[in-house]
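Listing of my_file-v4.cif, mmCIF, C-alpha atoms
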data_final
#
loop_
_atom_site.label_atom_id
_atom_site.label_comp_id
_atom_site.auth_asym_id
_atom_site.auth_seq_id
_atom_site.Cartn_x
_atom_site.Cartn_y
_atom_site.Cartn_z
CA GLN A 1 93.59 97.57 186.32
CA ILE A 2 96.75 99.66 186.63
CA ALA A 3 95.20 101.79 189.38
CA ARG A 4 94.36 98.63 191.38
CA GLU A 5 97.91 97.33 190.96
CA GLN A 6 99.37 100.67 192.07
CA ASN A 7 97.07 100.73 195.13
CA ALA A 8 98.11 97.18 196.02
CA MET A 9 101.78 98.11 195.65
CA CYS A 10 101.33 101.15 197.93
CA ARG A 11 99.59 99.01 200.57
CA PHE A 12 102.34 96.39 200.33
CA ILE A 13 105.07 99.01 200.79
CA SER A 14 103.21 100.48 203.76
CA ALA A 15 102.93 96.99 205.28
CA ILE A 16 106.68 96.51 204.90
CA ARG A 17 107.38 99.77 206.69
CA ASP A 18 104.74 99.09 209.39
CA CYS A 19 106.05 95.58 210.14
CA PRO A 20 107.88 95.67 213.48
CA LYS A 21 110.30 92.99 212.28
CA PRO A 22 113.08 93.63 209.75
CA VAL A 23 112.06 92.79 206.19
CA LEU A 24 114.71 91.27 203.93
CA MET A 25 114.39 91.01 200.15
CA ALA A 26 116.54 88.74 197.98
CA LEU A 27 116.47 89.38 194.23
CA GLN A 28 117.91 87.80 191.12
CA GLY A 29 117.81 88.55 187.41
CA GLN A 30 115.95 91.34 185.63
CA VAL A 31 114.09 93.58 188.11
CA THR A 32 111.62 96.20 186.89
CA ALA A 33 111.15 99.66 188.43
CA PRO A 34 108.20 98.80 190.73
CA PHE A 35 110.15 95.96 192.35
CA LEU A 36 113.21 98.15 192.79
CA GLY A 37 110.95 100.56 194.68
CA ILE A 38 109.50 97.77 196.80
CA SER A 39 113.00 96.49 197.58
CA LEU A 40 114.05 99.96 198.74
CA ALA A 41 111.17 99.90 201.23
CA CYS A 42 112.70 96.78 202.79
CA ASP A 43 115.22 96.91 205.61
CA SER A 44 117.84 94.78 203.82
CA ARG A 45 118.46 93.83 200.22
CA ILE A 46 120.64 90.99 198.94
CA ILE A 47 120.98 90.46 195.21
CA CYS A 48 122.75 88.10 192.86
CA ASP A 49 125.65 89.24 190.76
CA ASP A 50 123.47 88.87 187.63
CA THR A 51 120.77 91.25 188.90
CA VAL A 52 119.93 94.30 186.79
CA PHE A 53 117.44 96.92 187.96
CA HIS A 54 115.54 98.52 185.07
CA ILE A 55 114.23 102.07 185.31
CA ARG A 56 112.50 102.43 181.95
CA THR A 57 109.23 104.05 182.89
CA HIS A 58 109.95 107.10 180.71
CA LYS A 59 110.16 104.87 177.64
CA ILE A 60 106.47 104.07 178.05
CA GLY A 61 105.47 107.58 179.09
CA LEU A 62 105.02 106.95 182.81
CA PRO A 63 106.59 108.62 185.83
CA PRO A 64 108.70 106.50 188.20
CA VAL A 65 106.52 103.90 189.93
CA GLY A 66 106.80 101.81 193.07
CA GLY A 67 107.91 104.68 195.24
CA LEU A 68 111.18 105.20 193.35
CA ALA A 69 111.00 108.99 193.47
CA TYR A 70 110.33 108.71 197.20
CA PHE A 71 112.99 106.17 198.16
CA LEU A 72 115.90 107.00 195.84
CA PRO A 73 116.52 110.47 197.37
CA LEU A 74 116.65 108.83 200.80
CA TYR A 75 119.39 106.48 199.63
CA LEU A 76 121.28 108.64 197.16
CA GLY A 77 120.48 112.26 197.96
CA TRP A 78 118.29 114.43 195.75
CA GLY A 79 120.87 115.21 193.05
CA LYS A 80 121.91 111.63 192.34
CA ALA A 81 118.31 110.42 192.56
CA ASN A 82 117.27 113.09 190.07
CA ARG A 83 119.96 112.01 187.60
CA PHE A 84 119.11 108.33 188.00
CA LEU A 85 115.39 108.87 187.53
CA MET A 86 115.80 111.22 184.57
CA GLU A 87 118.69 109.57 182.74
CA THR A 88 119.34 105.99 183.86
CA GLU A 89 117.75 103.00 182.21
CA SER A 90 119.38 100.28 184.26
CA ILE A 91 121.59 99.67 187.29
CA GLU A 92 123.74 96.55 187.44
CA ALA A 93 124.48 94.67 190.67
CA LYS A 94 127.99 96.03 191.23
CA GLN A 95 126.83 99.62 190.79
CA ALA A 96 123.80 99.05 193.04
CA LEU A 97 126.16 97.90 195.80
CA GLU A 98 128.61 100.77 195.24
CA ILE A 99 125.90 103.44 195.54
CA GLY A 100 124.20 101.81 198.51
CA LEU A 101 120.96 100.53 197.00
CA VAL A 102 121.70 96.98 198.15
CA ASP A 103 123.51 95.56 201.15
CA GLN A 104 125.17 92.56 199.57
CA VAL A 105 125.82 90.96 196.19
CA THR A 106 126.25 87.20 196.05
CA ALA A 107 126.51 84.40 193.52
CA VAL A 108 123.27 82.95 192.20
CA HIS A 109 123.83 79.49 193.66
CA ILE A 110 124.16 80.81 197.25
CA LEU A 111 121.51 83.57 197.26
CA GLU A 112 119.03 81.63 199.39
CA HIS A 113 121.73 80.56 201.86
CA THR A 114 123.14 84.10 202.11
CA ALA A 115 119.70 85.62 202.68
CA PHE A 116 118.82 83.00 205.29
CA LYS A 117 122.13 83.56 207.10
CA HIS A 118 121.51 87.33 207.14
CA ALA A 119 117.99 86.79 208.49
CA GLN A 120 119.37 84.52 211.23
CA THR A 121 121.87 87.21 212.24
CA LEU A 122 119.06 89.75 212.56
CA ALA A 123 116.87 87.27 214.43
CA GLN A 124 119.56 86.78 217.08
CA LYS A 125 119.41 90.45 218.06
CA PRO A 126 116.94 91.54 220.79
CA PHE A 127 113.55 91.97 219.10
CA GLU A 128 112.57 94.98 221.23
CA SER A 129 115.75 96.81 220.25
CA ILE A 130 115.41 96.01 216.54
CA SER A 131 111.71 96.90 216.54
CA ALA A 132 112.34 100.21 218.33
CA THR A 133 115.15 101.05 215.91
CA LYS A 134 112.91 100.36 212.93
CA LYS A 135 110.16 102.48 214.47
CA LEU A 136 112.58 105.39 214.94
CA LEU A 137 113.92 105.03 211.40
CA ASN A 138 110.35 104.98 210.09
CA THR A 139 109.92 108.56 211.29
CA HIS A 140 111.38 109.50 207.91
CA PHE A 141 108.48 107.79 206.15
CA ARG A 142 105.74 110.01 207.56
CA GLY A 143 105.22 111.66 204.18
CA MET A 144 105.02 108.36 202.33
CA GLU A 145 101.21 108.23 202.09
CA ALA A 146 101.08 111.74 200.61
CA TYR A 147 103.80 110.71 198.17
CA PHE A 148 101.77 107.70 197.02
CA ASP A 149 98.71 109.93 196.50
CA ASN A 150 100.86 112.12 194.23
CA GLU A 151 102.32 109.09 192.44
CA ARG A 152 98.83 107.72 191.81
CA GLU A 153 97.72 111.08 190.36
CA ALA A 154 100.83 111.30 188.14
CA ILE A 155 100.30 107.77 186.83
CA ASN A 156 96.63 108.42 186.10
CA THR A 157 97.48 111.64 184.26
CA ALA A 158 100.14 109.89 182.19
CA LEU A 159 97.85 106.97 181.37
CA ASN A 160 94.98 109.27 180.38
CA LYS A 161 97.34 111.13 178.06
CA LEU A 162 98.62 107.87 176.55
CA TRP A 163 95.09 106.54 176.04
CA SER A 164 93.86 109.79 174.49
CA HIS A 165 96.76 109.72 171.97
CA LYS A 166 96.00 106.10 171.08
CA ALA A 167 92.30 106.91 170.60
CA THR A 168 93.05 109.59 168.02
#

Starting from the file, lay out its structure as structure tokens.
Amino acid sequence: QIAREQNAMCRFISAIRDCPKPVLMALQGQVTAPFLGISLACDSRIICDDTVFHIRTHKIGLPPVGGLAYFLPLYLGWGKANRFLMETESIEAKQALEIGLVDQVTAVHILEHTAFKHAQTLAQKPFESISATKKLLNTHFRGMEAYFDNEREAINTALNKLWSHKAT
């Protein structure tokens, strides 16, 4: 089951990156590690001021999932990403904005309006220009498929170890 979910998540992230149009994600509340990874694959992220990203995969014996170890170094640099993935359990909205993981923080009651307004702003730009820009930026994602192969292997290894300990 977990392998199927991880494969679906990898395909979804690839579809986001392959989409010629900008992809915007709006989030609120408690967000688990896989959805933080998916949001980092998007072109824009708007979150509510009550949003908390949880990176607790180590607590259950798993490596980072959802492309976190792929995307975080792109946003933060290797050193900061390493510290976050090894030591951080959660990132609150204000901190996510300060370190550049999200583009905007808004109040809960205007999240939908803010996201829609941002999407309208992007939609008013020439599609060919936006699409070409996204294609050029996607050059950095050429190693993404190899990364997801490695993530899948790491997850399977961790799960096999967890299951073997539970069986004994």

Explicit residues for the PyMOL selection byres ((chain A and resi 67) around 10) (as a list in words):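 Listing what the PyMOL selection byres ((chain A and resi 67) around 10) selects in the shown file: Gln6, Met9, Cys10, Ile13, Ala33, Pro34, Phe35, Leu36, Gly37, Ile38, Ser39, Leu40, Ala41, Pro64, Val65, Gly66, Leu68, Ala69, Tyr70, Phe71, Leu72, Met144, Tyr147, Phe148 and Glu151 of chain A.
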
One number please: atom CA of A:Trp78 to atom CA of A:Pro22, in Å, one decimal. 25.6 Å

Find the residue from A:Cys42, A:Ile130, A:Ile55, A:Leu85 that sits nearest to A:Ala15; use all atoms listed in the file when measuring.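 Residue with the minimum atom-to-atom distance to A:Ala15: A:Cys42.
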
In Å to one decimal, how far is atom CA of A:Thr114 from atom CA of A:Lys21?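 Computing the Euclidean distance for atom CA of A:Lys21 and atom CA of A:Thr114 yields 18.6 Å.
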
Quick one: distance from atom CA of A:Pro126 to atom CA of A:Gly143 in Å, one decimal?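 Rounded to one decimal, the two atoms are 28.6 Å apart.
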
Would you kindly translate the PyMOL selection byres ((chain A and resi 104) around 10) into the concrete residues it picks from this file, as a PyMOL selection string? chain A and resi 26+44-49+93-94+96-98+100-103+105-106+111+114-115+118

Using all atoms listed in the file: which of A:Ser164, A:Asn156, A:Thr133, A:Thr51 has the shortest distance to A:Arg4: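 Using all atoms listed in the file, A:Arg4 sits closest to A:Asn156.
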
Would you please work out which residue, of A:Asp50, A:Leu76, A:Thr32, A:Ala8, is nearest to A:Ala107 when using all atoms listed in the file?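 Nearest to A:Ala107: A:Asp50.
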
Best match for closeness to A:Ala154 among A:Pro63, A:Ser90, A:His54, A:Ile2, counting all atoms listed in the file: A:Pro63

Long-range neighbours of A:Pro20 as a list of chain:residue names, 10 Å cut-off, all atoms listed in the file, 4 positions minimum in chain: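 Returned residues: A:Ala15, A:Ile16, A:Phe127, A:Glu128, A:Ile130, A:Ser131, A:Ala132, A:Thr133, A:Lys134, A:Lys135.
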
For a quick check of understanding, using all atoms listed in the file, which of A:Gln28, A:Glu153, A:Ala158, A:Lys117 has the smallest distance to A:His58? A:Ala158

For A:Thr157, which residue among A:Val52, A:Leu24, A:Ile110, A:Leu62 is the nearest when counting all atoms listed in the file?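 Ranked by minimum distance to A:Thr157, first place goes to A:Leu62.
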
Centre and edges of the stretch 147-151 of chain A box, axis-aligned, 6 Å extra per side, as AutoDock Vina command-line options:
--center_x 101.3 --center_y 109.9 --center_z 195.3 --size_x 17.1 --size_y 16.4 --size_z 17.7
